[in-house]
Amino acid sequence: MLLKSRLESNELLALRYLSRRMELTEKEKYHYLNLEKGYEGELQFDLLAKSLKEERYIINDLLLEVNNNFFQIDCLMISQGVIHILDIKNYHGDCYFEANKLYSVATKREYKNPIDQLNRSANLFRQFLQNLRQNFLVEASVIFINPEFTLYHASMDKPFIFPTQVNRFLEDLNKTPSKLNESHKKLAQSIVSLHKTENPFTSLPKYNYEQLHKGIYCNTCKSFKVYKKNNILLCSNCGGKEKIETAILRSAREFMLLFPEQKVTTQSIYDWCNLDVSKRTICRILKKNYTTIGSTNNTYYQC
Ligand SMILES: [Zn+2]
């Protein structure tokens with residue numbers, strides 16, 4: 001049973017939007033593409049995890065806090081006798097393991113040590129359970145999901161599940177009967193209720209409204225070469241089509257995420273979209289889709 005599904009983090013969304021509207025530095029780009037890749041890997045694992053049978057709770061994408069320490073869990077699985085903490089890595093290419101560190105063979109770039117990260121999360125999660133006065137066996141593993149990944153020099157005692165082992169890992173889970181009771185349910189509910197939405201790990205580039213490229217880009221190819229024809233937004237780059245209303249709402253969501261402190265008004269969305277539509281159209285779309293707040297002269301909108 002899936003108790004919490006996975007969505008793009010606000011950090012990933014913000015970087016995605018910013019990458020289309022400003023020039024990211026190499027470092028920012030690298031961070032952004034890593035987040036995209038990581039998210040893609042997590043979705044791939046979710047697809048495989050659909051084959052899981054027996055009773056269990058699956059809670060994805062958790063951010064928890066214990067004694068002021070935040071920790072993230074990509075996938076938490078509560079089965080009858082064990083809780084699995086899974087860290088999903090979408091690494092690609094050849095890597096090697098040396099002195100407890102992981103390096104890319106091609107670039108010699110060092111990756112964050114997946115075992116340190118995993119142990120930290122597992123230890124903090126055990127403390128978290130203790131605080132809830134719960135006593136469950138916790139097993140933590142790193143899942144390397146990308147079939148194009150090879151790791152050299154990793155000893156067998158490492159908590160790694162390689163691409164060629166993921167299916168067997170899931171099959172083994174399916175072979176162990178699991179029945180959940182009231183205490184599993186209570187635990188799962190408290191975990192979900194303690195999930196934090198404000199992530200202190202977030203790292204975004206500095207940006208301001210003036211510097212960002214305004215306008216609506218094509219939803220397919222991300223080009224700003226779009227124009228309006230009746231109620232449709234057309235892309236002269238790829239021929240993509242989108243309803244004007246959908247495109248404006250999509251851009252309004254970007255505005256809200258990138259500038260949470262600014263009010264969503266007809267004027268602000270009109271400026272942000274920078275499109276050949278009347279303010280009346282914008283006003284109608286915002287009214288129809290959001291809650292109107294305030295009087296005629298200073299109306300703004302909320303989700
Ligand atoms: Zn396009």
# chains A, B, ... in the order shown; residues from 1 in each chain; ligands from 1
call {"tool": "residues_near_ligand", "arguments": {"ligand": "ligand 1", "cutoff": "10 Å", "atoms": "only C-alpha atoms and all ligand atoms", "output": "PyMOL selection string"}}
result
chain A and resi 217-226+233-242
call {"tool": "select_by_dssp", "arguments": {"residues": "segment 61-295 of chain A", "states": "helix (DSSP H, G or I)", "output": "NGL selection string"}}
result
:A and (114-131 or 166-175 or 182-193 or 244-258 or 266-273 or 279-289)
call {"tool": "closest_residue", "arguments": {"among": "A:Ile85, A:Leu151, A:Leu118, A:Ile216", "to": "Val138 of chain A", "atoms": "only C-alpha atoms"}}
result
A:Ile85
call {"tool": "residues_around", "arguments": {"residues": "segment 45-55 of chain A", "least_positions_apart": "2", "cutoff": "7 Å", "atoms": "only C-alpha atoms", "output": "PDB file with N, CA and C atoms, in the first residue's frame"}}
result
ATOM      1  N   GLY A  41      15.665   8.083 -11.516  1.00  0.00           N
ATOM      2  CA  GLY A  41      16.002   6.775 -10.951  1.00  0.00           C
ATOM      3  C   GLY A  41      14.981   6.322  -9.918  1.00  0.00           C
ATOM      4  N   GLU A  42      14.528   7.271  -9.103  1.00  0.00           N
ATOM      5  CA  GLU A  42      13.536   6.927  -8.092  1.00  0.00           C
ATOM      6  C   GLU A  42      12.236   6.483  -8.750  1.00  0.00           C
ATOM      7  N   LEU A  43      11.855   7.170  -9.837  1.00  0.00           N
ATOM      8  CA  LEU A  43      10.630   6.772 -10.546  1.00  0.00           C
ATOM      9  C   LEU A  43      10.782   5.376 -11.139  1.00  0.00           C
ATOM     10  N   SER A  79       7.333  -3.749   6.352  1.00  0.00           N
ATOM     11  CA  SER A  79       6.757  -5.083   6.210  1.00  0.00           C
ATOM     12  C   SER A  79       6.536  -5.622   7.619  1.00  0.00           C
ATOM     13  N   ILE A 145      20.161   1.722  -9.466  1.00  0.00           N
ATOM     14  CA  ILE A 145      19.043   1.355 -10.332  1.00  0.00           C
ATOM     15  C   ILE A 145      19.418   1.327 -11.812  1.00  0.00           C
ATOM     16  N   LEU A 170      13.493  -7.747  -4.913  1.00  0.00           N
ATOM     17  CA  LEU A 170      12.034  -7.619  -4.811  1.00  0.00           C
ATOM     18  C   LEU A 170      11.375  -8.994  -4.744  1.00  0.00           C
ATOM     19  N   ASN A 174       8.975 -10.647  -1.864  1.00  0.00           N
ATOM     20  CA  ASN A 174       7.673 -11.267  -2.141  1.00  0.00           C
ATOM     21  C   ASN A 174       7.568 -12.679  -1.570  1.00  0.00           C
ATOM     22  N   PRO A 177       6.297 -13.941   3.673  1.00  0.00           N
ATOM     23  CA  PRO A 177       4.933 -13.506   3.967  1.00  0.00           C
ATOM     24  C   PRO A 177       4.936 -12.273   4.887  1.00  0.00           C
ATOM     25  N   SER A 178       4.017 -11.377   4.676  1.00  0.00           N
ATOM     26  CA  SER A 178       3.950 -10.179   5.520  1.00  0.00           C
ATOM     27  C   SER A 178       2.498  -9.808   5.778  1.00  0.00           C
ATOM     28  N   LYS A 179       2.136  -9.795   7.048  1.00  0.00           N
ATOM     29  CA  LYS A 179       0.786  -9.363   7.452  1.00  0.00           C
ATOM     30  C   LYS A 179       0.932  -8.166   8.367  1.00  0.00           C
ATOM     31  N   LEU A 180       0.205  -7.123   8.093  1.00  0.00           N
ATOM     32  CA  LEU A 180       0.338  -5.911   8.906  1.00  0.00           C
ATOM     33  C   LEU A 180      -0.789  -5.831   9.926  1.00  0.00           C
TER      34      LEU A 180
END
call {"tool": "closest_residue", "arguments": {"among": "A:Ala154, A:Ile293, A:Leu257, A:Leu137", "to": "Asn100 of chain A", "atoms": "only C-alpha atoms"}}
result
A:Ala154
call {"tool": "closest_atom_pairs", "arguments": {"of": "segment 51-129 of chain A", "to": "segment 2-22 of chain A", "cutoff": "9 Å", "atoms": "only C-alpha atoms", "output": "CSV"}}
result
residue,atom,partner,partner_atom,distance
A:Arg56,CA,A:Leu2,CA,8.4
A:Tyr57,CA,A:Leu2,CA,5.9
A:Ile58,CA,A:Leu2,CA,4.8
A:Ile59,CA,A:Lys4,CA,4.8
A:Asn60,CA,A:Lys4,CA,5.5
A:Asp61,CA,A:Arg6,CA,5.9
A:Leu62,CA,A:Lys4,CA,8.5
A:Asp74,CA,A:Arg6,CA,8.9
